[in-house]
$ cat final-v8.pdb   # PDB, C-alpha atoms and all ligand atoms
ATOM      1  CA  MET A  59       1.504   8.352 -13.738
ATOM      2  CA  HIS A  60      -1.384   7.657 -16.080
ATOM      3  CA  GLN A  61      -5.116   7.257 -15.780
ATOM      4  CA  GLU A  62      -6.983   4.331 -17.310
ATOM      5  CA  GLU A  63     -10.707   5.096 -16.957
ATOM      6  CA  ASP A  64     -11.252   5.278 -13.165
ATOM      7  CA  ILE A  65      -7.902   3.660 -12.253
ATOM      8  CA  LEU A  66      -4.713   5.682 -11.599
ATOM      9  CA  TRP A  67      -1.363   3.960 -12.266
ATOM     10  CA  VAL A  68       1.504   5.476 -10.240
ATOM     11  CA  GLY A  69       4.954   4.268 -11.290
ATOM     12  CA  ILE A  70       8.126   4.621  -9.196
ATOM     13  CA  HIS A  71      10.609   5.515 -11.898
ATOM     14  CA  ARG A  72      14.282   5.449 -10.952
ATOM     15  CA  PRO A  73      15.359   2.085 -12.311
ATOM     16  CA  ALA A  74      19.094   2.868 -12.560
ATOM     17  CA  LYS A  75      19.078   3.181  -8.754
ATOM     18  CA  ARG A  76      16.700   0.236  -8.324
ATOM     19  CA  ASN A  77      13.958   2.719  -7.479
ATOM     20  CA  ALA A  78      15.788   3.865  -4.332
ATOM     21  CA  ILE A  79      13.641   6.606  -2.835
ATOM     22  CA  ASN A  80      15.224  10.042  -2.603
ATOM     23  CA  ASP A  81      13.524  13.130  -1.167
ATOM     24  CA  ALA A  82      12.138  14.203  -4.549
ATOM     25  CA  LEU A  83      10.492  10.826  -5.038
ATOM     26  CA  ILE A  84       8.838  10.662  -1.632
ATOM     27  CA  GLN A  85       7.583  14.240  -2.052
ATOM     28  CA  GLY A  86       6.286  13.303  -5.494
ATOM     29  CA  LEU A  87       4.282  10.450  -3.962
ATOM     30  CA  GLU A  88       2.843  12.820  -1.370
ATOM     31  CA  GLU A  89       1.790  15.292  -4.056
ATOM     32  CA  THR A  90       0.270  12.582  -6.227
ATOM     33  CA  PHE A  91      -1.820  11.131  -3.419
ATOM     34  CA  SER A  92      -2.862  14.578  -2.170
ATOM     35  CA  GLN A  93      -4.345  15.476  -5.555
ATOM     36  CA  ILE A  94      -6.032  12.359  -6.894
ATOM     37  CA  PRO A  95      -7.872  13.503 -10.042
ATOM     38  CA  ASP A  96     -11.682  13.596  -9.966
ATOM     39  CA  GLY A  97     -13.181  10.388 -11.245
ATOM     40  CA  VAL A  98     -10.343   8.143 -10.034
ATOM     41  CA  LYS A  99     -11.694   5.378  -7.797
ATOM     42  CA  CYS A 100      -8.618   3.228  -7.167
ATOM     43  CA  ALA A 101      -4.832   3.630  -7.554
ATOM     44  CA  ILE A 102      -2.068   1.116  -8.262
ATOM     45  CA  ILE A 103       1.564   1.807  -7.257
ATOM     46  CA  TYR A 104       4.202  -0.186  -9.126
ATOM     47  CA  GLY A 105       7.952  -0.095  -9.769
ATOM     48  CA  ILE A 106       9.451   0.501 -13.213
ATOM     49  CA  GLY A 107      12.434  -1.744 -14.030
ATOM     50  CA  GLU A 108      13.606  -4.897 -12.282
ATOM     51  CA  HIS A 109      12.468  -4.016  -8.753
ATOM     52  CA  PHE A 110       9.633  -2.380  -6.874
ATOM     53  CA  SER A 111      12.056  -0.400  -4.689
ATOM     54  CA  ALA A 112      15.440  -0.766  -2.973
ATOM     55  CA  GLY A 113      14.198   1.490  -0.151
ATOM     56  CA  LEU A 114      15.686   4.706   1.099
ATOM     57  CA  ASP A 115      18.346   6.284  -1.115
ATOM     58  CA  LEU A 116      21.299   5.610   1.159
ATOM     59  CA  SER A 117      23.491   8.147  -0.643
ATOM     60  CA  GLU A 118      21.365  10.976   0.839
ATOM     61  CA  LEU A 119      21.683   9.651   4.379
ATOM     62  CA  SER A 120      25.313  10.306   5.208
ATOM     63  CA  ASP A 121      25.242  14.057   5.810
ATOM     64  CA  ARG A 122      22.030  14.172   7.834
ATOM     65  CA  ASP A 123      22.205  15.089  11.549
ATOM     66  CA  ALA A 124      19.622  14.041  14.159
ATOM     67  CA  VAL A 125      17.268  16.990  13.598
ATOM     68  CA  ALA A 126      17.348  16.570   9.815
ATOM     69  CA  GLY A 127      16.793  12.834  10.318
ATOM     70  CA  LEU A 128      13.703  13.498  12.432
ATOM     71  CA  HIS A 129      12.204  15.822   9.799
ATOM     72  CA  HIS A 130      13.100  13.380   7.034
ATOM     73  CA  SER A 131      11.282  10.542   8.791
ATOM     74  CA  ARG A 132       8.260  12.793   9.388
ATOM     75  CA  MET A 133       8.252  13.657   5.678
ATOM     76  CA  TRP A 134       7.958   9.940   4.908
ATOM     77  CA  HIS A 135       5.160   9.612   7.465
ATOM     78  CA  LYS A 136       3.232  12.444   5.835
ATOM     79  CA  ALA A 137       3.597  10.950   2.362
ATOM     80  CA  LEU A 138       2.650   7.415   3.398
ATOM     81  CA  ASP A 139      -0.277   8.759   5.397
ATOM     82  CA  ARG A 140      -1.576  10.310   2.178
ATOM     83  CA  ILE A 141      -1.396   6.869   0.552
ATOM     84  CA  GLN A 142      -3.115   5.050   3.406
ATOM     85  CA  PHE A 143      -5.681   7.723   4.240
ATOM     86  CA  GLY A 144      -6.056   9.546   0.927
ATOM     87  CA  THR A 145      -9.226   9.545  -1.096
ATOM     88  CA  VAL A 146      -8.954   6.168  -2.875
ATOM     89  CA  PRO A 147      -8.039   2.555  -2.081
ATOM     90  CA  VAL A 148      -4.472   1.782  -3.195
ATOM     91  CA  ILE A 149      -3.024  -1.483  -4.514
ATOM     92  CA  ALA A 150       0.743  -2.147  -4.341
ATOM     93  CA  LEU A 151       1.969  -4.198  -7.303
ATOM     94  CA  LEU A 152       5.264  -5.756  -6.190
ATOM     95  CA  HIS A 153       8.158  -7.469  -7.958
ATOM     96  CA  GLY A 154      11.878  -7.861  -7.329
ATOM     97  CA  ALA A 155      13.221  -6.022  -4.276
ATOM     98  CA  VAL A 156      10.584  -4.718  -1.874
ATOM     99  CA  VAL A 157      12.995  -3.685   0.834
ATOM    100  CA  GLY A 158      13.346  -1.097   3.567
ATOM    101  CA  GLY A 159      11.405   1.995   2.587
ATOM    102  CA  GLY A 160       9.976   0.076  -0.388
ATOM    103  CA  LEU A 161       8.313  -2.310   2.028
ATOM    104  CA  GLU A 162       7.128   0.675   4.078
ATOM    105  CA  ILE A 163       5.378   2.085   1.002
ATOM    106  CA  ALA A 164       3.847  -1.315   0.236
ATOM    107  CA  SER A 165       2.633  -1.586   3.858
ATOM    108  CA  ALA A 166       0.772   1.715   3.581
ATOM    109  CA  CYS A 167      -1.300   0.367   0.664
ATOM    110  CA  HIS A 168      -4.599  -1.429   1.188
ATOM    111  CA  ILE A 169      -3.933  -4.543  -0.949
ATOM    112  CA  ARG A 170      -0.610  -6.106  -1.983
ATOM    113  CA  VAL A 171      -0.171  -8.171  -5.160
ATOM    114  CA  ALA A 172       3.239  -9.844  -5.583
ATOM    115  CA  GLU A 173       4.775 -11.394  -8.672
ATOM    116  CA  LYS A 174       6.864 -14.475  -7.885
ATOM    117  CA  SER A 175      10.137 -12.525  -8.181
ATOM    118  CA  ALA A 176       9.223 -10.294  -5.233
ATOM    119  CA  PHE A 177      11.359 -10.528  -2.100
ATOM    120  CA  PHE A 178      10.896  -8.677   1.148
ATOM    121  CA  ALA A 179      13.547  -7.533   3.620
ATOM    122  CA  LEU A 180      14.379  -4.843   6.156
ATOM    123  CA  PRO A 181      18.139  -4.249   5.746
ATOM    124  CA  GLU A 182      18.043  -1.334   8.206
ATOM    125  CA  GLY A 183      19.529  -3.629  10.877
ATOM    126  CA  GLN A 184      22.573  -4.340   8.699
ATOM    127  CA  ARG A 185      22.941  -0.667   7.698
ATOM    128  CA  GLY A 186      23.055   0.475  11.326
ATOM    129  CA  ILE A 187      19.832   2.473  11.115
ATOM    130  CA  PHE A 188      16.167   1.947  12.003
ATOM    131  CA  VAL A 189      12.976   2.049   9.952
ATOM    132  CA  GLY A 190      11.690   5.606   9.581
ATOM    133  CA  GLY A 191       8.798   5.397   7.118
ATOM    134  CA  GLY A 192       6.186   3.947   9.427
ATOM    135  CA  ALA A 193       7.142   0.250   9.277
ATOM    136  CA  SER A 194       7.312  -0.136  13.053
ATOM    137  CA  VAL A 195       3.642   0.867  13.215
ATOM    138  CA  ARG A 196       2.239  -0.737  10.054
ATOM    139  CA  LEU A 197       4.226  -3.955   9.609
ATOM    140  CA  PRO A 198       3.506  -5.534  13.016
ATOM    141  CA  LYS A 199      -0.194  -5.200  12.167
ATOM    142  CA  LEU A 200       0.421  -7.338   9.077
ATOM    143  CA  ILE A 201       2.994  -9.889  10.278
ATOM    144  CA  GLY A 202       3.478  -9.344  14.033
ATOM    145  CA  VAL A 203       6.331  -7.876  16.089
ATOM    146  CA  SER A 204       8.138 -11.225  16.215
ATOM    147  CA  ARG A 205       8.478 -11.629  12.419
ATOM    148  CA  MET A 206       9.424  -8.000  11.951
ATOM    149  CA  SER A 207      12.073  -8.338  14.671
ATOM    150  CA  ASP A 208      13.412 -11.460  12.929
ATOM    151  CA  MET A 209      13.655  -9.578   9.601
ATOM    152  CA  MET A 210      15.563  -6.718  11.218
ATOM    153  CA  LEU A 211      17.747  -8.725  13.602
ATOM    154  CA  THR A 212      18.796 -11.512  11.240
ATOM    155  CA  GLY A 213      18.321  -9.980   7.792
ATOM    156  CA  ARG A 214      15.747 -12.651   6.937
ATOM    157  CA  VAL A 215      14.340 -12.382   3.430
ATOM    158  CA  PHE A 216      10.810 -13.563   2.641
ATOM    159  CA  ARG A 217      10.040 -14.765  -0.893
ATOM    160  CA  ALA A 218       6.652 -13.998  -2.453
ATOM    161  CA  GLU A 219       4.942 -17.250  -1.471
ATOM    162  CA  GLU A 220       6.255 -17.073   2.113
ATOM    163  CA  ALA A 221       5.060 -13.480   2.236
ATOM    164  CA  GLU A 222       1.576 -14.645   1.281
ATOM    165  CA  ASN A 223       1.657 -17.332   4.003
ATOM    166  CA  ILE A 224       2.492 -14.803   6.725
ATOM    167  CA  GLY A 225      -0.113 -12.267   5.583
ATOM    168  CA  LEU A 226       2.317  -9.751   4.143
ATOM    169  CA  VAL A 227       0.808  -9.950   0.651
ATOM    170  CA  ASN A 228      -2.732 -10.758  -0.425
ATOM    171  CA  TYR A 229      -2.067 -12.341  -3.838
ATOM    172  CA  VAL A 230       0.901 -14.026  -5.533
ATOM    173  CA  VAL A 231       0.903 -14.273  -9.328
ATOM    174  CA  GLU A 232       3.258 -15.507 -12.025
ATOM    175  CA  GLU A 233       5.915 -13.178 -13.389
ATOM    176  CA  SER A 234       4.489 -10.443 -15.671
ATOM    177  CA  GLN A 235       0.930 -11.222 -14.535
ATOM    178  CA  GLY A 236       0.867  -8.592 -11.805
ATOM    179  CA  LYS A 237      -0.587  -5.801 -13.920
ATOM    180  CA  VAL A 238      -3.462  -7.979 -15.101
ATOM    181  CA  LYS A 239      -4.260  -9.071 -11.539
ATOM    182  CA  ALA A 240      -3.885  -5.575 -10.063
ATOM    183  CA  LEU A 241      -6.152  -4.111 -12.732
ATOM    184  CA  GLU A 242      -8.778  -6.815 -12.224
ATOM    185  CA  LEU A 243      -8.788  -6.098  -8.467
ATOM    186  CA  ALA A 244      -8.791  -2.331  -9.007
ATOM    187  CA  LYS A 245     -11.851  -2.602 -11.262
ATOM    188  CA  ARG A 246     -13.683  -4.630  -8.640
ATOM    189  CA  ILE A 247     -12.774  -2.083  -5.969
ATOM    190  CA  ALA A 248     -13.828   0.800  -8.230
ATOM    191  CA  SER A 249     -17.213  -0.825  -8.786
ATOM    192  CA  ASN A 250     -18.058  -0.751  -5.052
ATOM    193  CA  ALA A 251     -20.188   1.997  -3.551
ATOM    194  CA  GLY A 252     -17.940   4.980  -2.758
ATOM    195  CA  MET A 253     -19.194   5.197   0.827
ATOM    196  CA  THR A 254     -18.355   1.545   1.434
ATOM    197  CA  ASN A 255     -14.799   2.024   0.150
ATOM    198  CA  TYR A 256     -14.530   5.103   2.361
ATOM    199  CA  ALA A 257     -15.636   3.104   5.399
ATOM    200  CA  ILE A 258     -13.166   0.309   4.602
ATOM    201  CA  THR A 259     -10.128   2.534   4.052
ATOM    202  CA  GLN A 260     -10.811   5.368   6.510
ATOM    203  CA  VAL A 261     -12.918   3.895   9.283
ATOM    204  CA  LEU A 262     -12.034   0.191   9.545
ATOM    205  CA  PRO A 263      -8.361   0.786  10.498
ATOM    206  CA  ARG A 264      -9.466   3.294  13.149
ATOM    207  CA  ILE A 265     -12.030   0.862  14.556
ATOM    208  CA  ALA A 266      -9.370  -1.856  14.654
ATOM    209  CA  GLU A 267      -7.307   0.359  16.956
ATOM    210  CA  SER A 268     -10.211   1.297  19.224
ATOM    211  CA  SER A 269     -11.453  -0.315  22.407
ATOM    212  CA  GLN A 270     -14.339  -2.747  21.882
ATOM    213  CA  GLU A 271     -16.937  -0.239  23.096
ATOM    214  CA  GLN A 272     -15.654   2.633  20.943
ATOM    215  CA  GLY A 273     -15.210   0.312  17.986
ATOM    216  CA  LEU A 274     -18.749  -1.021  18.181
ATOM    217  CA  ILE A 275     -20.395   2.398  18.372
ATOM    218  CA  THR A 276     -18.229   3.678  15.508
ATOM    219  CA  GLU A 277     -19.193   0.599  13.489
ATOM    220  CA  SER A 278     -22.888   1.293  14.065
ATOM    221  CA  LEU A 279     -22.491   4.932  13.037
ATOM    222  CA  ILE A 280     -20.630   4.202   9.811
ATOM    223  CA  ALA A 281     -22.962   1.291   8.983
ATOM    224  CA  ALA A 282     -25.928   3.650   9.403
ATOM    225  CA  ILE A 283     -24.374   6.273   7.129
ATOM    226  CA  ALA A 284     -23.398   3.718   4.463
ATOM    227  CA  GLN A 285     -26.829   2.102   4.269
ATOM    228  CA  ASP A 286     -28.510   5.502   4.013
ATOM    229  CA  ALA A 287     -26.699   6.389   0.759
ATOM    230  CA  GLY A 288     -28.920   6.329  -2.343
ATOM    231  CA  GLU A 289     -26.421   4.048  -4.018
ATOM    232  CA  ALA A 290     -26.817   1.436  -1.271
ATOM    233  CA  LYS A 291     -30.607   1.463  -1.646
ATOM    234  CA  GLN A 292     -30.274   0.963  -5.402
ATOM    235  CA  ARG A 293     -27.787  -1.901  -4.964
ATOM    236  CA  LEU A 294     -30.077  -3.674  -2.488
ATOM    237  CA  GLN A 295     -32.991  -3.375  -4.905
ATOM    238  CA  ASP A 296     -30.799  -4.698  -7.710
ATOM    239  CA  PHE A 297     -30.029  -7.777  -5.630
ATOM    240  CA  LEU A 298     -33.588  -8.329  -4.485
ATOM    241  CA  GLN A 299     -34.830  -8.105  -8.080
ATOM    242  CA  GLY A 300     -32.202 -10.523  -9.382
ATOM    243  CA  ARG A 301     -30.140  -7.919 -11.269
ATOM    244  CA  ALA A 302     -26.998  -8.065  -9.113
ATOM    245  CA  LYS A 303     -24.144 -10.561  -9.133
ATOM    246  CA  LYS A 304     -24.246 -13.352  -6.568
ATOM    247  CA  VAL A 305     -21.345 -13.901  -4.167
ATOM    248  CA  GLY A 306     -18.316 -15.235  -6.051
ATOM    249  CA  GLU A 307     -19.538 -14.197  -9.525
TER     250      GLU A 307
HETATM  251  C1  LIG B   1      21.113   2.326  -4.326
HETATM  252  C2  LIG B   1      20.247   1.675  -3.419
HETATM  253  C3  LIG B   1      19.845   2.397  -2.252
HETATM  254  C4  LIG B   1      20.670   0.316  -5.029
HETATM  255  N1  LIG B   1      20.290   3.656  -2.098
HETATM  256  N2  LIG B   1      21.536   3.576  -4.119
HETATM  257  N3  LIG B   1      18.091  -0.302   1.181
HETATM  258  C5  LIG B   1      19.030  -1.271   1.068
HETATM  259  O1  LIG B   1      19.850  -1.460   1.935
HETATM  260  C6  LIG B   1      19.020  -2.042  -0.212
HETATM  261  C7  LIG B   1      20.327  -1.820  -0.967
HETATM  262  N4  LIG B   1      20.263  -2.345  -2.326
HETATM  263  C8  LIG B   1      20.479  -3.661  -2.627
HETATM  264  O2  LIG B   1      20.600  -4.518  -1.760
HETATM  265  C9  LIG B   1      20.517  -4.010  -4.090
HETATM  266  O3  LIG B   1      20.751  -2.830  -4.817
HETATM  267  C10 LIG B   1      19.220  -4.676  -4.632
HETATM  268  C11 LIG B   1      19.081  -6.092  -4.033
HETATM  269  C12 LIG B   1      17.984  -3.857  -4.286
HETATM  270  C13 LIG B   1      19.292  -4.763  -6.172
HETATM  271  O4  LIG B   1      20.504  -5.389  -6.562
HETATM  272  P1  LIG B   1      21.036  -5.202  -8.052
HETATM  273  O5  LIG B   1      22.234  -6.139  -8.190
HETATM  274  O6  LIG B   1      19.932  -5.337  -9.023
HETATM  275  O7  LIG B   1      21.527  -3.662  -8.172
HETATM  276  P2  LIG B   1      22.862  -2.975  -7.606
HETATM  277  O8  LIG B   1      24.009  -3.253  -8.554
HETATM  278  O9  LIG B   1      23.090  -3.318  -6.178
HETATM  279  O10 LIG B   1      22.486  -1.433  -7.647
HETATM  280  C14 LIG B   1      22.408  -0.692  -8.862
HETATM  281  C15 LIG B   1      22.645   0.774  -8.528
HETATM  282  O11 LIG B   1      21.624   1.229  -7.646
HETATM  283  C16 LIG B   1      23.971   0.994  -7.782
HETATM  284  O12 LIG B   1      24.437   2.275  -8.120
HETATM  285  P3  LIG B   1      25.595   2.495  -9.233
HETATM  286  O13 LIG B   1      25.785   3.986  -9.248
HETATM  287  O14 LIG B   1      26.775   1.725  -8.715
HETATM  288  O15 LIG B   1      25.044   1.921 -10.514
HETATM  289  C17 LIG B   1      23.536   0.995  -6.331
HETATM  290  O16 LIG B   1      24.439   1.702  -5.489
HETATM  291  C18 LIG B   1      22.210   1.730  -6.436
HETATM  292  N5  LIG B   1      21.343   1.442  -5.314
HETATM  293  N6  LIG B   1      19.986   0.428  -3.882
HETATM  294  C19 LIG B   1      21.118   4.206  -3.015
HETATM  295  N7  LIG B   1      18.992   1.878  -1.357
HETATM  296  C20 LIG B   1      12.317   5.843   5.533
HETATM  297  S1  LIG B   1      13.604   5.008   6.155
HETATM  298  C21 LIG B   1      13.820   3.576   5.192
HETATM  299  C22 LIG B   1      15.166   2.980   5.499
HETATM  300  C23 LIG B   1      15.606   2.053   4.391
HETATM  301  O17 LIG B   1      14.961   1.921   3.390
HETATM  302  S2  LIG B   1      17.058   1.209   4.678
HETATM  303  C24 LIG B   1      17.185   0.097   3.360
HETATM  304  C25 LIG B   1      17.992   0.634   2.249
END

$ encode --input "final-v8.pdb" --output "structure tokens" --more "lines below"
Ligand code: 1HE
Amino acid sequence: MHQEEDILWVGIHRPAKRNAINDALIQGLEETFSQIPDGVKCAIIYGIGEHFSAGLDLSELSDRDAVAGLHHSRMWHKALDRIQFGTVPVIALLHGAVVGGGLEIASACHIRVAEKSAFFALPEGQRGIFVGGGASVRLPKLIGVSRMSDMMLTGRVFRAEEAENIGLVNYVVEESQGKVKALELAKRIASNAGMTNYAITQVLPRIAESSQEQGLITESLIAAIAQDAGEAKQRLQDFLQGRAKKVGE
């Protein structure tokens, strides 16, 4: 983990095991995203080595009974909840294997950038298990129940460009260009008003799961709070007086 101005880089570092996620690693992610240092405005999660992550460390699975399995899955939920609903927007920078629990981590992030080597799969079906890190809730929102079922039933693997076409990733870049792209996006995100980023990461997903009536009133409330912030007033003045960037600049 290292901080570069207001951006926090969080590396998954277990390359000899293809960044398979053991208990220590998932707890480490929870701790990191529970204590984002002051001044950080965006985080980037990436994998060190040839892959983003080979998913759950299968060597830890064999001696777990049902109760331990339940608590283990809930531990993943807690950690990934900290990523999705922590204090900063999070970008997943993906390459190589993004499978099983690795894809679950990527799904909890707000933006996904994939290098061309990235491939996406849910081998749980072949391993005789089921997803336990939140994929059954988060992935259908990105790609639909039908595509997720296909991945699990048939072992289908999506390459980076296919993943972009089905809405699983937001950006595909050439090999080794992921860090440049992720940093460029992180800087843009960090330059937004804090209250707007809060509304996007904390409120938008809740509105999307609400009924129309509840969603609309929540939208009005958060819009009212965001526009009231001093920073919003300043940004509007900057635009009106020709000091702000135009759309697309
Ligand atoms: C592992 C794991 C792992 C590698 N747990 N040890 N995930 C999977 O079913 C994916 C399983 N892994 C693979 O299919 C391949 O390893 C990869 C395609 C990701 C990479 O292949 P490759 O050729 O680069 O590496 P490798 O030779 O297969 O693996 C290198 C070492 O990492 C080897 O150990 P070694 O001691 O023999 O050197 C592998 O055993 C080890 N390794 N992946 C443990 N996953 C919250 S629930 C989520 C449920 C899931 O995530 S299920 C999906 C699990």

$ atom_distance --input "final-v8.pdb" --atom1 "CA of Asp286 in chain A" --atom2 "CA of Ala101 in chain A"
26.4 Å

$ residues_near_ligand --input "final-v8.pdb" --ligand "ligand LIG 1 (chain B)" --cutoff "7 Å" --atoms "all atoms listed in the file" --output "list in words"
Ala74, Lys75, Arg76, Ala78, Ser111, Ala112, Gly113, Leu114, Asp115, Leu116, Ser117, Ser131, Trp134, Ala155, Val157, Gly158, Gly159, Gly160, Leu180, Pro181, Glu182, Arg185, Phe188, Val189, Gly190 and Gly191 of chain A

$ residues_near_point --input "final-v8.pdb" --point "(-2.6, 3.1, -7.1)" --cutoff "10 Å" --atoms "only C-alpha atoms" --output "ChimeraX atom specification"
/A:59,61,65-69,90-91,94,98-104,141,146-151,167-169,240-241,244

$ closest_residue --input "final-v8.pdb" --among "A:Ile70, A:Ala284, A:Ala126, A:Ile79" --to "Gly252 in chain A" --atoms "all atoms listed in the file"
A:Ala284

$ closest_residue --input "final-v8.pdb" --among "A:Pro73, A:Gly202, A:Gly127, A:Pro263" --to "Ile187 in chain A" --atoms "only C-alpha atoms"
A:Gly127

$ closest_residue --input "final-v8.pdb" --among "A:Arg196, A:Gln295, A:Glu63, A:Glu88" --to "Glu267 in chain A" --atoms "all atoms listed in the file"
A:Arg196

$ resolve_selection --input "final-v8.pdb" --expression "the PyMOL selection byres (((chain A and resi 224-227) around 7) and not hetatm)" --output "list in words"
Arg170, Val171, Ala172, Leu200, Ile201, Glu220, Ala221, Glu222, Asn223, Asn228 and Tyr229 of chain A

$ atom_distance --input "final-v8.pdb" --atom1 "CA of Glu289 in chain A" --atom2 "CA of Thr254 in chain A"
10.1 Å

$ resolve_selection --input "final-v8.pdb" --expression "the PyMOL selection byres (((chain A and resi 272-283) around 12) and not hetatm)" --output "count of residues only"
27

$ build_atoms --input "final-v8.pdb" --residues "range 170-177 of chain A" --atoms "all heavy atoms" --output "mmCIF file, keeping the file's coordinate frame"
data_model
loop_
_atom_site.group_PDB
_atom_site.id
_atom_site.type_symbol
_atom_site.label_atom_id
_atom_site.label_comp_id
_atom_site.auth_asym_id
_atom_site.auth_seq_id
_atom_site.Cartn_x
_atom_site.Cartn_y
_atom_site.Cartn_z
ATOM 1 N N ARG A 170 -1.927 -5.859 -1.381
ATOM 2 C CA ARG A 170 -0.610 -6.106 -1.983
ATOM 3 C C ARG A 170 -0.684 -7.313 -2.913
ATOM 4 O O ARG A 170 -1.119 -8.395 -2.490
ATOM 5 C CB ARG A 170 0.445 -6.335 -0.883
ATOM 6 C CG ARG A 170 0.915 -5.036 -0.219
ATOM 7 C CD ARG A 170 1.479 -5.232 1.166
ATOM 8 N NE ARG A 170 0.421 -5.569 2.098
ATOM 9 C CZ ARG A 170 -0.417 -4.678 2.653
ATOM 10 N NH1 ARG A 170 -0.274 -3.403 2.400
ATOM 11 N NH2 ARG A 170 -1.393 -5.060 3.459
ATOM 12 N N VAL A 171 -0.257 -7.100 -4.161
ATOM 13 C CA VAL A 171 -0.171 -8.171 -5.160
ATOM 14 C C VAL A 171 1.313 -8.362 -5.456
ATOM 15 O O VAL A 171 2.005 -7.394 -5.780
ATOM 16 C CB VAL A 171 -0.890 -7.762 -6.469
ATOM 17 C CG1 VAL A 171 -0.710 -8.835 -7.541
ATOM 18 C CG2 VAL A 171 -2.365 -7.489 -6.213
ATOM 19 N N ALA A 172 1.809 -9.606 -5.344
ATOM 20 C CA ALA A 172 3.239 -9.844 -5.583
ATOM 21 C C ALA A 172 3.439 -10.797 -6.746
ATOM 22 O O ALA A 172 2.792 -11.854 -6.808
ATOM 23 C CB ALA A 172 3.891 -10.421 -4.328
ATOM 24 N N GLU A 173 4.316 -10.419 -7.681
ATOM 25 C CA GLU A 173 4.775 -11.394 -8.672
ATOM 26 C C GLU A 173 5.791 -12.294 -7.978
ATOM 27 O O GLU A 173 6.366 -11.935 -6.952
ATOM 28 C CB GLU A 173 5.392 -10.664 -9.870
ATOM 29 C CG GLU A 173 4.354 -9.887 -10.644
ATOM 30 C CD GLU A 173 4.889 -9.265 -11.940
ATOM 31 O OE1 GLU A 173 6.116 -9.278 -12.156
ATOM 32 O OE2 GLU A 173 4.052 -8.772 -12.721
ATOM 33 N N LYS A 174 6.028 -13.476 -8.576
ATOM 34 C CA LYS A 174 6.864 -14.475 -7.885
ATOM 35 C C LYS A 174 8.287 -14.001 -7.624
ATOM 36 O O LYS A 174 8.950 -14.509 -6.737
ATOM 37 C CB LYS A 174 6.859 -15.775 -8.687
ATOM 38 C CG LYS A 174 5.610 -16.578 -8.415
ATOM 39 C CD LYS A 174 5.713 -18.009 -8.866
ATOM 40 C CE LYS A 174 4.504 -18.796 -8.338
ATOM 41 N NZ LYS A 174 4.200 -19.953 -9.154
ATOM 42 N N SER A 175 8.764 -13.016 -8.384
ATOM 43 C CA SER A 175 10.137 -12.525 -8.181
ATOM 44 C C SER A 175 10.274 -11.646 -6.939
ATOM 45 O O SER A 175 11.386 -11.317 -6.530
ATOM 46 C CB SER A 175 10.568 -11.693 -9.398
ATOM 47 O OG SER A 175 9.737 -10.544 -9.498
ATOM 48 N N ALA A 176 9.153 -11.261 -6.343
ATOM 49 C CA ALA A 176 9.223 -10.294 -5.233
ATOM 50 C C ALA A 176 9.924 -10.901 -4.020
ATOM 51 O O ALA A 176 9.711 -12.065 -3.685
ATOM 52 C CB ALA A 176 7.810 -9.847 -4.842
ATOM 53 N N PHE A 177 10.776 -10.110 -3.386
ATOM 54 C CA PHE A 177 11.359 -10.528 -2.100
ATOM 55 C C PHE A 177 11.345 -9.342 -1.148
ATOM 56 O O PHE A 177 11.439 -8.188 -1.554
ATOM 57 C CB PHE A 177 12.764 -11.133 -2.264
ATOM 58 C CG PHE A 177 13.780 -10.231 -2.905
ATOM 59 C CD1 PHE A 177 14.642 -9.473 -2.116
ATOM 60 C CD2 PHE A 177 13.889 -10.148 -4.274
ATOM 61 C CE1 PHE A 177 15.603 -8.655 -2.695
ATOM 62 C CE2 PHE A 177 14.844 -9.322 -4.874
ATOM 63 C CZ PHE A 177 15.700 -8.575 -4.082
#
